[in-house]
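Novice: Got a structure for you, query-v5.csv, holding CSV, C-alpha atoms.
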chain,number,residue,atom,x,y,z
I,1,MET,CA,145.9,98.4,134.1
I,2,THR,CA,147.1,98.4,130.5
I,3,ASP,CA,145.2,100.7,128.2
I,4,LEU,CA,143.4,98.8,125.6
I,5,PRO,CA,144.3,99.8,122.0
I,6,ILE,CA,141.8,102.0,120.2
I,7,TYR,CA,141.0,101.0,116.6
I,8,ALA,CA,139.6,103.2,114.0
I,9,TYR,CA,137.1,101.5,111.6
I,10,ASP,CA,136.0,102.8,108.3
I,11,ILE,CA,132.3,103.1,108.2
I,12,MET,CA,130.9,101.6,105.0
I,13,VAL,CA,127.5,103.0,103.9
I,14,VAL,CA,125.5,100.4,102.0
I,15,PHE,CA,123.2,102.1,99.5
I,16,LEU,CA,120.6,99.6,98.3
I,17,LYS,CA,119.1,99.8,94.8
I,18,ALA,CA,116.2,97.9,93.3
I,19,LEU,CA,114.6,97.6,89.9
I,20,LEU,CA,110.9,96.9,89.4
I,21,CYS,CA,109.7,95.7,85.9
I,22,PHE,CA,106.2,95.5,84.5
I,23,HIS,CA,105.6,93.4,81.4
I,24,GLY,CA,103.2,93.7,78.5
I,25,LEU,CA,99.8,92.4,77.5
I,26,LEU,CA,99.4,88.6,76.9
I,27,SER,CA,102.9,88.0,78.1
I,28,ASN,CA,104.7,87.4,81.4
I,29,HIS,CA,107.9,88.3,83.4
I,30,ASN,CA,110.1,86.6,80.7
I,31,ASP,CA,109.7,89.8,78.7
I,32,PHE,CA,112.6,91.0,80.8
I,33,ALA,CA,114.8,88.0,80.6
I,34,TYR,CA,117.5,89.7,78.6
I,35,ILE,CA,117.4,93.0,80.4
I,36,TYR,CA,117.4,91.2,83.7
I,37,ASN,CA,120.6,89.3,82.9
I,38,GLN,CA,122.3,92.5,81.7
I,39,LEU,CA,121.4,94.7,84.7
I,40,LYS,CA,121.6,92.1,87.5
I,41,PRO,CA,125.2,93.0,88.5
I,42,TYR,CA,124.2,96.6,89.1
I,43,TYR,CA,121.2,96.1,91.4
I,44,ASP,CA,120.7,94.5,94.8
I,45,LYS,CA,117.3,93.2,93.6
I,46,ILE,CA,115.4,93.1,90.4
I,47,LEU,CA,111.8,92.2,90.6
I,48,CYS,CA,109.9,90.9,87.6
I,49,THR,CA,106.7,89.0,88.2
I,50,ASP,CA,103.5,88.1,86.3
I,51,LEU,CA,100.7,90.6,86.3
I,52,PRO,CA,97.1,89.6,87.2
I,53,GLY,CA,95.7,87.3,84.6
I,54,HIS,CA,99.1,86.6,83.0
I,55,GLY,CA,101.6,83.8,83.3
I,56,THR,CA,101.1,82.0,86.6
I,57,ASN,CA,99.2,84.8,88.3
I,58,GLN,CA,95.6,83.6,88.6
I,59,GLU,CA,94.1,86.9,89.8
I,60,LYS,CA,91.5,88.5,87.5
I,61,PHE,CA,92.8,90.9,84.9
I,62,THR,CA,91.0,94.0,86.1
I,63,THR,CA,92.0,97.7,86.7
I,64,GLU,CA,91.7,97.4,90.4
I,65,ASN,CA,93.7,94.2,90.6
I,66,ILE,CA,96.4,95.8,88.4
I,67,LYS,CA,96.6,98.9,90.6
I,68,LYS,CA,96.7,97.0,93.9
I,69,TYR,CA,99.2,94.4,92.6
I,70,SER,CA,101.6,97.0,91.2
I,71,LEU,CA,101.7,99.0,94.4
I,72,ASP,CA,102.1,95.9,96.5
I,73,LEU,CA,105.1,95.0,94.4
I,74,TYR,CA,106.6,98.4,94.9
I,75,ASP,CA,105.9,98.3,98.7
I,76,SER,CA,107.7,94.9,98.9
I,77,LEU,CA,110.9,96.9,98.0
I,78,SER,CA,110.5,99.4,100.8
I,79,GLN,CA,113.9,98.6,102.3
I,80,PHE,CA,115.7,99.9,99.3
I,81,GLU,CA,116.8,103.6,99.1
I,82,GLU,CA,116.3,103.9,95.4
I,83,ILE,CA,113.8,102.1,93.2
I,84,ASP,CA,114.0,102.4,89.4
I,85,VAL,CA,111.0,101.2,87.3
I,86,ILE,CA,110.8,99.8,83.8
I,87,GLY,CA,107.5,99.4,82.0
I,88,TYR,CA,106.9,97.7,78.7
I,89,SER,CA,103.7,98.3,76.6
I,90,LEU,CA,100.9,97.8,79.1
I,91,GLY,CA,103.5,97.8,81.8
I,92,GLY,CA,104.6,101.3,80.7
I,93,LEU,CA,101.2,102.6,81.6
I,94,ILE,CA,101.2,100.7,84.9
I,95,ALA,CA,104.6,102.2,85.7
I,96,CYS,CA,103.2,105.7,85.1
I,97,TYR,CA,100.5,105.0,87.6
I,98,VAL,CA,103.0,103.7,90.2
I,99,GLN,CA,105.2,106.8,89.9
I,100,LYS,CA,102.2,108.9,90.8
I,101,GLU,CA,101.5,106.9,93.9
I,102,ARG,CA,105.0,106.1,95.0
I,103,LYS,CA,108.5,107.6,94.8
I,104,VAL,CA,110.3,106.4,91.7
I,105,HIS,CA,114.0,107.2,91.2
I,106,ARG,CA,114.2,106.7,87.4
I,107,LEU,CA,111.6,105.6,85.0
I,108,VAL,CA,112.0,103.8,81.6
I,109,LEU,CA,109.0,103.4,79.3
I,110,LEU,CA,109.3,100.9,76.4
I,111,ALA,CA,106.6,101.4,73.7
I,112,PRO,CA,104.2,102.6,76.5
I,113,ALA,CA,100.6,101.8,75.7
I,114,TYR,CA,99.1,105.1,76.7
I,115,ARG,CA,96.9,106.0,73.8
I,116,TYR,CA,96.8,105.7,70.0
I,117,LEU,CA,96.7,101.9,69.9
I,118,ASN,CA,96.3,100.0,66.6
I,119,LEU,CA,95.2,96.6,67.6
I,120,LYS,CA,94.5,95.5,64.1
I,121,ASN,CA,98.2,95.4,63.5
I,122,TYR,CA,99.2,93.2,66.3
I,123,HIS,CA,102.2,91.8,64.6
I,124,ARG,CA,104.4,88.9,65.7
I,125,ASP,CA,105.5,87.3,62.5
I,126,PRO,CA,108.8,88.8,61.1
I,127,SER,CA,108.3,86.8,57.9
I,128,SER,CA,105.2,88.8,57.1
I,129,LYS,CA,105.8,91.3,54.3
I,130,GLN,CA,105.2,94.3,56.6
I,131,GLY,CA,105.6,92.5,59.9
I,132,GLN,CA,101.8,92.7,60.4
I,133,LEU,CA,99.1,90.2,61.1
I,134,ARG,CA,95.5,90.6,62.1
I,135,MET,CA,94.8,89.7,65.7
I,136,LYS,CA,92.4,86.9,64.7
I,137,GLN,CA,95.4,85.2,63.0
I,138,ILE,CA,97.6,85.1,66.0
I,139,LEU,CA,95.4,85.1,69.2
I,140,PRO,CA,93.7,82.1,70.6
I,141,LYS,CA,90.0,82.7,71.4
I,142,LYS,CA,90.8,82.5,75.1
I,143,ASN,CA,92.8,85.7,74.8
I,144,TYR,CA,90.1,87.8,73.1
I,145,PHE,CA,88.7,88.7,76.5
I,146,HIS,CA,92.1,89.9,77.7
I,147,VAL,CA,92.4,92.2,74.7
I,148,PHE,CA,89.0,93.7,75.1
I,149,ARG,CA,89.5,94.1,78.8
I,150,PHE,CA,92.9,95.7,78.1
I,151,VAL,CA,91.3,98.6,76.2
I,152,GLY,CA,89.2,99.4,79.2
I,153,ILE,CA,92.1,99.1,81.6
I,154,VAL,CA,94.2,101.5,79.4
I,155,SER,CA,91.3,104.0,79.4
I,156,LYS,CA,91.0,103.9,83.2
I,157,LEU,CA,94.7,103.9,84.0
I,158,ASN,CA,95.5,106.9,81.8
I,159,GLN,CA,93.1,108.9,83.9
I,160,GLU,CA,95.0,108.1,87.1
I,161,PHE,CA,97.9,110.4,86.5
I,162,GLU,CA,98.3,113.9,85.0
I,163,SER,CA,102.1,114.2,85.0
I,164,ILE,CA,105.3,112.2,85.3
I,165,GLU,CA,107.8,113.3,88.0
I,166,PRO,CA,111.0,111.2,87.8
I,167,GLU,CA,113.8,111.4,85.3
I,168,THR,CA,112.3,109.5,82.4
I,169,MET,CA,113.5,107.8,79.2
I,170,ILE,CA,110.9,106.7,76.6
I,171,LEU,CA,111.9,104.4,73.8
I,172,TRP,CA,109.8,103.6,70.8
I,173,GLY,CA,110.5,101.5,67.7
I,174,LYS,CA,109.8,103.1,64.3
I,175,ASP,CA,108.5,99.8,63.0
I,176,ASP,CA,106.0,99.6,65.9
I,177,TYR,CA,102.6,99.1,64.2
I,178,LEU,CA,100.7,98.4,67.5
I,179,VAL,CA,101.5,101.4,69.7
I,180,LYS,CA,101.8,104.6,67.7
I,181,GLU,CA,104.5,107.2,68.1
I,182,LYS,CA,102.1,109.8,69.6
I,183,SER,CA,101.5,107.6,72.7
I,184,GLY,CA,105.1,108.0,73.8
I,185,PHE,CA,105.2,111.7,72.8
I,186,LEU,CA,102.2,112.5,74.9
I,187,LEU,CA,103.9,111.0,77.9
I,188,PHE,CA,107.1,112.9,77.1
I,189,GLN,CA,105.1,116.1,77.2
I,190,MET,CA,103.6,115.1,80.5
I,191,THR,CA,107.1,114.6,82.1
I,192,LYS,CA,108.0,117.5,84.3
I,193,ASN,CA,111.5,116.5,85.1
I,194,LYS,CA,114.2,118.1,82.9
I,195,GLY,CA,116.0,114.8,82.8
I,196,LYS,CA,113.8,113.3,80.2
I,197,SER,CA,114.4,111.9,76.7
I,198,TYR,CA,112.3,110.4,73.9
I,199,ILE,CA,114.3,108.1,71.6
I,200,GLN,CA,112.9,106.7,68.4
I,201,LEU,CA,114.8,103.6,67.0
I,202,ASP,CA,115.1,102.3,63.5
I,203,ASN,CA,114.6,98.6,62.9
I,204,HIS,CA,112.7,98.1,66.2
I,205,ASN,CA,109.1,97.0,66.5
I,206,HIS,CA,106.7,96.5,69.4
I,207,PHE,CA,108.1,93.0,70.2
I,208,ASN,CA,111.9,93.1,69.6
I,209,ILE,CA,112.4,96.4,71.5
I,210,VAL,CA,112.5,94.6,74.8
I,211,HIS,CA,115.1,92.1,73.7
I,212,SER,CA,117.4,94.6,71.9
I,213,LYS,CA,121.1,95.0,72.8
I,214,VAL,CA,120.8,98.6,71.7
I,215,VAL,CA,117.9,99.2,73.9
I,216,CYS,CA,119.5,97.5,76.9
I,217,SER,CA,122.6,99.6,76.5
I,218,LEU,CA,120.5,102.8,76.5
I,219,ILE,CA,118.6,101.6,79.5
I,220,LYS,CA,121.9,100.8,81.4
I,221,ASP,CA,123.4,104.2,80.6
I,222,PHE,CA,120.3,106.0,81.7
I,223,LEU,CA,119.7,104.0,85.0
I,224,LEU,CA,123.3,103.9,86.1
I,225,ALA,CA,124.3,107.4,85.3
Turn this file's structure into structure tokens for me.
Specialist:
Amino acid sequence: MTDLPIYAYDIMVVFLKALLCFHGLLSNHNDFAYIYNQLKPYYDKILCTDLPGHGTNQEKFTTENIKKYSLDLYDSLSQFEEIDVIGYSLGGLIACYVQKERKVHRLVLLAPAYRYLNLKNYHRDPSSKQGQLRMKQILPKKNYFHVFRFVGIVSKLNQEFESIEPETMILWGKDDYLVKEKSGFLLFQMTKNKGKSYIQLDNHNHFNIVHSKVVCSLIKDFLLA
């Protein structure tokens, strides 16, 4: 009998990475449209969905629904070896809750709504002299309930964690009149990991920070390091 040839095969280890994104108040997953397109080549999966009471998600906007929904999203990525998380505004606070309950590889917080909120200066109109408008000028009546519920959710969620464990980057725009600088600084102080940074950006406010090329470049450098 002729001996069969023996072949040596290289073993390729596939290391799967995922990115989970949490959007802000009164918005939806499209907050991350730009970031998604820029980071898509570097992840096996990027998950951006609508939070309860936002976009197409008809669940009630409550603390318990937010908590359950965010953890269910994380658990849906259980097949991935590393899961990075980005949270924007309200989503930043949700991301902090998730990192307490689950293992997060790297964490990015964009204008995180932890404390020190100034809802009177909820600005969206760049043509305004100071980029500020009162909430009654820009919010339909149907959204008043969301805003008032938001205050309660922030109060409850910020009691759910005492520290931040992953490598963390916090970004805040110096023109942000809605979420004050101290909100990000408190979270920076709570971060135990030495791989942490708090970056304040000129010419960035609460709304353009999530669509900024500068911000996206910083996020990419941090997450892919």
Novice: Using CA of Arg106 in chain I and CA of Val85 in chain I as the two end points, give the distance in Å to one decimal.
Specialist: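 Distance reported for this atom pair: 6.4 Å.
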Novice: Counting only C-alpha atoms, what is within 9 Å of range 189-203 of chain I, bar same-chain residues fewer than 2 positions away, as an MDAnalysis selection string?
Specialist: chainID I and resid 162:175 181 184:187 205 209 215
Novice: Keeping only C-alpha atoms, take the residues you just selected and write them out as a PDB file, in the coordinates of the input.
Specialist:
ATOM      1  CA  GLU I 162      98.300 113.900  85.000  1.00  0.00           C
ATOM      2  CA  SER I 163     102.100 114.200  85.000  1.00  0.00           C
ATOM      3  CA  ILE I 164     105.300 112.200  85.300  1.00  0.00           C
ATOM      4  CA  GLU I 165     107.800 113.300  88.000  1.00  0.00           C
ATOM      5  CA  PRO I 166     111.000 111.200  87.800  1.00  0.00           C
ATOM      6  CA  GLU I 167     113.800 111.400  85.300  1.00  0.00           C
ATOM      7  CA  THR I 168     112.300 109.500  82.400  1.00  0.00           C
ATOM      8  CA  MET I 169     113.500 107.800  79.200  1.00  0.00           C
ATOM      9  CA  ILE I 170     110.900 106.700  76.600  1.00  0.00           C
ATOM     10  CA  LEU I 171     111.900 104.400  73.800  1.00  0.00           C
ATOM     11  CA  TRP I 172     109.800 103.600  70.800  1.00  0.00           C
ATOM     12  CA  GLY I 173     110.500 101.500  67.700  1.00  0.00           C
ATOM     13  CA  LYS I 174     109.800 103.100  64.300  1.00  0.00           C
ATOM     14  CA  ASP I 175     108.500  99.800  63.000  1.00  0.00           C
ATOM     15  CA  GLU I 181     104.500 107.200  68.100  1.00  0.00           C
ATOM     16  CA  GLY I 184     105.100 108.000  73.800  1.00  0.00           C
ATOM     17  CA  PHE I 185     105.200 111.700  72.800  1.00  0.00           C
ATOM     18  CA  LEU I 186     102.200 112.500  74.900  1.00  0.00           C
ATOM     19  CA  LEU I 187     103.900 111.000  77.900  1.00  0.00           C
ATOM     20  CA  ASN I 205     109.100  97.000  66.500  1.00  0.00           C
ATOM     21  CA  ILE I 209     112.400  96.400  71.500  1.00  0.00           C
ATOM     22  CA  VAL I 215     117.900  99.200  73.900  1.00  0.00           C
TER      23      VAL I 215
END
Novice: Find, counting only C-alpha atoms, the residue in I:Glu64, I:Asp50, I:Asp176, I:Asp31 that gets nearest to Leu157 in chain I.
Specialist: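 The shortest atom-to-atom distance to Leu157 in chain I comes from I:Glu64.
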Novice: Excluding range 17-24 of chain I and any residue of its chain fewer than 2 positions from it, enumerate the residues within 9 Å of it, using all atoms listed in the file, and give them as an MDAnalysis selection string.
Specialist: chainID I and resid 15 26:32 42:51 70 73:74 77 80:92 94:95 113
Novice: Given the choices I:Ser212, I:Gln38, I:Gln99, I:Ser217, which gets closest to Phe161 in chain I if the distance is worked out from all atoms listed in the file?
Specialist: I:Gln99
Novice: Please indicate the distance in Å from CA of Asn158 in chain I to CA of Phe207 in chain I, rounded to one decimal place.
Specialist: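 Going from CA of Asn158 in chain I over to CA of Phe207 in chain I covers 22.1 Å.
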Novice: For Lys67 in chain I, which of I:Lys40, I:Lys156, I:His105, I:His206 is the closest residue, counting only C-alpha atoms?
Specialist: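 Looking at the shortest contact to Lys67 in chain I, the residue is I:Lys156.
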Novice: Of the residues I:Lys100, I:Arg115, I:His146, I:His211, which is the one nearest to Ser183 in chain I, using only C-alpha atoms?
Specialist: I:Arg115
Novice: Please, what distance in Å, to one decimal, runs between CA of Cys216 in chain I and CA of Ala33 in chain I?
Specialist: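 Taking CA of Cys216 in chain I as the start and CA of Ala33 in chain I as the end point, the length is 11.2 Å.
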